[in-house]
Every structure is written in structure tokens, then in C-alpha cells.
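A.B. asks: Quick one: the structure is below, questions incoming.
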Amino acid sequence: MSEKESDPVAGSAFDSERGISSVLPKQNAFRRFVHRRNELNELGKDMLEQSLQYDRAQLEADAVKVRWKLDLLVLPMMMCTYMLSFLDKQTLNYANAYGLQADTNMTGDDYSWVASAQYFGWLCGAWPWNLLLQRVAVGKLVGGMLFAWGVVCMLQAAVFDFGGFFAVRFFLGLLEGCISPAWVVLTSMLWTRREQTMRSSVWLCTNGVSNILGALLAYGAGVADGLSIAQWKLIFLIVGALTFVWGFVIVLYLPDGPHNAKMLNEYERVVAVWRVSDNQMGLKDPTIRPYQIREAVLDSKCYLLWAGAIAIGIVNGAVTNFMSAIIKGFDFDALHASLIQAPGGAFEVVGCLAIGWVSQRPNMVGAAIVLGCLPGMAGLIGILTIPIEHRYALVAMCWLQNVVGSPIVLGWTLPGLNVAGHTKRSTVIGIYFVCYVVGNIIGPHLFLPWEEPRYPTAIKGLLGTYCVMVFVQVMYTLWCWHDNRKRDRLGMHAEAMEEELLEGFEDLTDKQNKHFRYKL
């Protein structure tokens, strides 16, 4: 007999994690906390069984309404949070144009190490954050981190040397390391597998918005007169304060999953769970299953994902931290180097949305990732070959580098789309982001100070990295296609019947659940 059946009943209590009234046994607060977390998949199964009592046509009609609510209310919260997260990262890039290195006595490759410090912090936090996300409420965790990293971002205005900046950027990366995996997990809980790539592209396209806002903010700080502090310090203070204030919105309103979304009534939450049941992934199961860790480590397809993560991380680390330096090297002053980066943000927004739309087409996720690599490759070739006197053409080549946001986010969604089993998926996502962060650490060190403004070693290295990304993605897509065909030939149908939908709440891995099909 289960604990729920054998323990005496204390009465009805409202469960903030589950979002519905529930009857809990008498136990202390800690056991009650763990008990609630352990019941999420059980709750999801109960809600799915409840949904199967309704007419399917009615569920499908109401599912459209629920999707619109999530798109209009939850997605904007994710977008704003991610925009602030990326703006925090970009503050160093913009501050660099206003004498940050001189004021903090940085020499040689000190700035490259400060740029990498954030990723060292992320590297230390990537695995623990993913384990924690498997066990705690996503919305509350992210909200708490917003308060902390807003304060840390503002602390950057209080440091005066290389060591202090390295330390603060390290802790900033440690805190921000939870956002990307948290959004991957939350996206997989709220939207269907077909919808996830576009929604992920939407929240990541705000990187482009942050590029535009950041460039305007940096320009505004640059023209401000009569300041009692350095202009680069003002950038950190403004962005940190905005981040801290936004934390209140996330804590109060962001759901932890479909089961407790405040913008949905109880019936709509049931519909929301029914909507995602065909994902065959359940909601969340905090139980650590060692066999799933072993399966993740022995799954050869995962190594292709991880190799792609290193490659895309190298490109991102380079683009994020050295765009100002490259553009400034084309004979622009600090003000114009900041302002002229704004159109690059528009390139990222358009690129992410367009390629995200392509990824929604049947069997086009892998092709969309390859397509997203082509503008960046073309831009790098242009930086190497266009004469230096055509500086605006060179700047346009730099703008093309911002389209890298599209393959980045589509690559992030692949573990959420194609890895089932909560422990296995947490393991794969954790290692994926460790690899991605390693790439981000490597990226800035491809730029050799004596090679400015073209940095030929870095540009050639990034071109080779793009080629590796394309090759790895093609191999991964073909492997998934082969596995799908193998299951089809064995008569394992992809469209799960109603009773088979419940298998998704049994915490089966993608290898165990024979009704599971990989997204191509």
C-alpha cells in the first residue's frame, strides 16, 4: 500500500507546486515538500486520465485556446527574462568600448580571461543546476536567481582591477547558468514537440532585441555628460537594477509547468497536460535513476549532440565578446562602435524567427540548424576577403554573425525534443551545457591581440568550427532517421493510442519507449 493510502489524512491543503487542492498525509514540512515534488508525474497521469473523459473534439478546440494563453502570457515572461540575461552578458562587450580595460589596468589577454570568467562560473553551475531543476519548481528558482544576479551585475561597477572583475563575472555566470536549461525544461513541459522549436526561437530571438537595446544604452551612456562615475559603470548599474526588479514579476506569475499555471483555470490545466501528453515525456520526476545516467553516457547519439555544443559554444563566445573590438578596429570611435551594432540585433531577431519557422516543418529541425550556420559562414568569409577600406561592408559581415542565435537555440532544444526519461534528459542537458560553456571559454582566446582588426587566426578557426557543426548535425539527423525507420519496420507505431499516452508518465527513456520517435 502506498504512503498516500496508509498514512492518516490531515485534511485538504492547497499545493502551490501542483496548483490544485490535494489531500496530504501528516508529515513535517520537509517531507511534505519532497512528497509534492515526487507526485508531479503521478499528478500528470491523473490529469491525463481525467482529460480522457472529455470529448476529443472539445479537447482539441480548447487546446488551441490554452496554447494561445501560454503564448501570450507565459512566453513574453520567458522572452523578457532571457533578454535581460543576455543583456547582462553583453554589458562587458559594451563597457569595453568606454575605457573599461584602461580604468581597471587590464593588459595583454586580461580582457579575454575576464570574458571567459562568466563561462567558468557557468561551467561550475551547469551540472548542479540541471539536477536542481529536476527537483524544484522552475519558476521560483529562476525568480530567486534574478534577484541574486541583478545584485551581482551591479557589483561590477564597484571593482577596479582584473582580479575583482574576474571574480564578479565568475559568480554572474554561476547564477545565470540556470536560465538556458530552465527554459529548455519549461518549454518542453508547456508546448508540444512540434511547437517547441518555434517557441524556443522566439524567446532566444530576444538576444537580438537586447543587442539593439544594449547598443542604444551604451550610446546613451557615452553621450551622458557630467557623470560622477565612469560611463562603463553606468551600464552595469542600469542593467542590474532592471534585472532585480523583473525578478518580482517572475516569482509572482511564472508557472512551474502546466499543472499550476495561474493564467489557466483547473479545466484548462487538465487540457494543458493533455496537450503535451503526446510528447511521451511526462511532467517531471525528481527520482535519480542510475540506469538512465548509464544509458545517457553509452548513447552514441548524445556524443554528437555534445560535440555540436562545443562547436556552437566556440562561435558564441567569440561573437558575444569581441564584436565591439572587431568593429572598432575598422576605424570607428567608441560611440559609433556601440551604436553600429544595433542592426546586428535586428538580423538575429529576423534570423531566429525565420529559421525557427522552418524548423516547424516536418523533419526540418536538423536542416534548419544547418541553414542557420550559413549566414555566419558567409560573414566570416567576407571579413577575411573584403578590403579594409570598405568598412561598412565589413560591418555588415559582422551583423551576419548574430544569426548564430538560431542554430544555438535549435541545438539546445534537441535534448529536450529527442531525449526521454527525466534522469537521462537531465544528464544529457547537463553535459550539453558543460560542453557549450567549454566552447564559450575557448572562443575568446582565438583572438590574438596583435592580429587586429581582422583577427585572421580567429576567423579561420570559427569557419572551421562552423564546418564541424554542420557535419555533426547531418550525422545526428541521419542517425535519428535510421532509428525511426528501424522502429517503423518493426511495426512500432508512432501515434500512441490513449492508453499508451500514459506511458509517457512512467519515466521511460527514448530507448525504452518504442512509441517514441526522434525529431529530425
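All residue names refer to the C-alpha cells as shown: chains lettered A, B, ... in order, residues numbered from 1 in each chain, ligands numbered from 1 in order.
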Name the residues of segment 55-264 of chain A that fall into helix (DSSP H, G or I) according to DSSP on the backbone, using the chain letters and numbers of this document, as a ChimeraX atom specification.

C.D. replies: /A:56-98,100-103,110-133,138-158,162-176,179-190,193-204,206-223,231-253,258-260

A.B. asks: Quick one: residues within 12 Å of Thr465 of chain A, only C-alpha atoms, excluding same-chain residues fewer than 6 positions away - as a list in words?

C.D. replies: Ala307, Gly308, Ala309, Ile310, Ala311, Ile312, Gly313, Ile314, Val315, Asn316, Ala318, Cys373, Gly376, Met377, Leu380, Gly439, Ile442, Gly443, Leu446, Ala458, Ile459, Phe471 and Val472 of chain A

A.B. asks: With distances taken over only C-alpha atoms, which of A:Gln90, A:Thr107, A:Asn418, A:Ser228 is nearest to Tyr476 of chain A?

C.D. replies: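 With only C-alpha atoms as the atom set, the closest residue is A:Asn418.
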
A.B. asks: Could you give me, as a VMD selection string, the residues within 10 Å of Arg454 of chain A, counting only C-alpha atoms and dropping anything in the same chain fewer than 4 positions from it?

C.D. replies: chain A and resid 326 to 327 329 to 330 380 383 to 385 388 394 447 458 to 459

A.B. asks: Put those residues in a file: N, CA and C atoms, as a PDB file, in the first residue's frame.

C.D. replies:
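Output saved as again27.pdb:
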```
ATOM      1  N   ILE A 326      36.123  44.105 -32.884  1.00  0.00           N
ATOM      2  CA  ILE A 326      36.285  43.947 -34.327  1.00  0.00           C
ATOM      3  C   ILE A 326      35.805  45.200 -35.048  1.00  0.00           C
ATOM      4  N   ILE A 327      34.609  45.685 -34.699  1.00  0.00           N
ATOM      5  CA  ILE A 327      34.039  46.853 -35.384  1.00  0.00           C
ATOM      6  C   ILE A 327      34.877  48.099 -35.098  1.00  0.00           C
ATOM      7  N   GLY A 329      37.927  48.213 -34.660  1.00  0.00           N
ATOM      8  CA  GLY A 329      39.145  48.091 -35.453  1.00  0.00           C
ATOM      9  C   GLY A 329      38.993  48.520 -36.887  1.00  0.00           C
ATOM     10  N   PHE A 330      37.750  48.704 -37.343  1.00  0.00           N
ATOM     11  CA  PHE A 330      37.507  49.193 -38.697  1.00  0.00           C
ATOM     12  C   PHE A 330      37.478  50.718 -38.735  1.00  0.00           C
ATOM     13  N   LEU A 380      31.942  35.493 -42.125  1.00  0.00           N
ATOM     14  CA  LEU A 380      33.356  35.289 -41.788  1.00  0.00           C
ATOM     15  C   LEU A 380      34.229  35.345 -43.041  1.00  0.00           C
ATOM     16  N   ILE A 383      34.661  38.985 -43.900  1.00  0.00           N
ATOM     17  CA  ILE A 383      35.617  39.692 -43.038  1.00  0.00           C
ATOM     18  C   ILE A 383      37.056  39.412 -43.482  1.00  0.00           C
ATOM     19  N   LEU A 384      37.303  38.200 -43.955  1.00  0.00           N
ATOM     20  CA  LEU A 384      38.644  37.829 -44.393  1.00  0.00           C
ATOM     21  C   LEU A 384      39.017  38.434 -45.743  1.00  0.00           C
ATOM     22  N   THR A 385      38.047  38.644 -46.611  1.00  0.00           N
ATOM     23  CA  THR A 385      38.355  38.956 -48.011  1.00  0.00           C
ATOM     24  C   THR A 385      38.024  40.382 -48.443  1.00  0.00           C
ATOM     25  N   ILE A 388      39.891  46.484 -46.487  1.00  0.00           N
ATOM     26  CA  ILE A 388      39.683  47.176 -45.223  1.00  0.00           C
ATOM     27  C   ILE A 388      39.048  48.552 -45.405  1.00  0.00           C
ATOM     28  N   LEU A 394      32.274  45.552 -44.235  1.00  0.00           N
ATOM     29  CA  LEU A 394      32.810  44.676 -43.191  1.00  0.00           C
ATOM     30  C   LEU A 394      31.892  44.643 -41.967  1.00  0.00           C
ATOM     31  N   PHE A 447      41.188  34.948 -30.485  1.00  0.00           N
ATOM     32  CA  PHE A 447      41.524  36.295 -30.942  1.00  0.00           C
ATOM     33  C   PHE A 447      42.867  36.714 -30.361  1.00  0.00           C
ATOM     34  N   ALA A 458      41.512  33.795 -35.661  1.00  0.00           N
ATOM     35  CA  ALA A 458      40.194  33.564 -35.072  1.00  0.00           C
ATOM     36  C   ALA A 458      39.141  33.316 -36.143  1.00  0.00           C
ATOM     37  N   ILE A 459      39.153  34.121 -37.210  1.00  0.00           N
ATOM     38  CA  ILE A 459      38.127  33.996 -38.250  1.00  0.00           C
ATOM     39  C   ILE A 459      38.234  32.641 -38.939  1.00  0.00           C
TER      40      ILE A 459
END
```

A.B. asks: Quick one: residues within 8 Å of segment 190-195 of chain A, only C-alpha atoms counted, chain neighbours fewer than 6 positions away excluded, as a ChimeraX atom specification?

C.D. replies: /A:67,70,257-258,272,275-276,278-279,360,417

A.B. asks: Find the residues around Arg425 of chain A up to 7 Å (only C-alpha atoms counted), leave out those fewer than 5 positions away in its own chain, and share them as a JSON list (two decimals) with C-alpha atoms, in the first residue's frame.

C.D. replies:
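See part_12.json below for the written result:
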```
[["chain", "number", "residue", "atom", "x", "y", "z"],
["A", 415, "PRO", "CA", 17.99, 17.19, -25.95],
["A", 419, "VAL", "CA", 15.81, 12.54, -25.06],
["A", 420, "ALA", "CA", 13.14, 10.95, -22.84]]
```

A.B. asks: Show me, as a PyMOL selection string, the residues that have an atom within 9 Å of Asp161 of chain A when counting only C-alpha atoms, minus same-chain residues fewer than 5 positions from it.

C.D. replies: chain A and resi 101+103-106+166
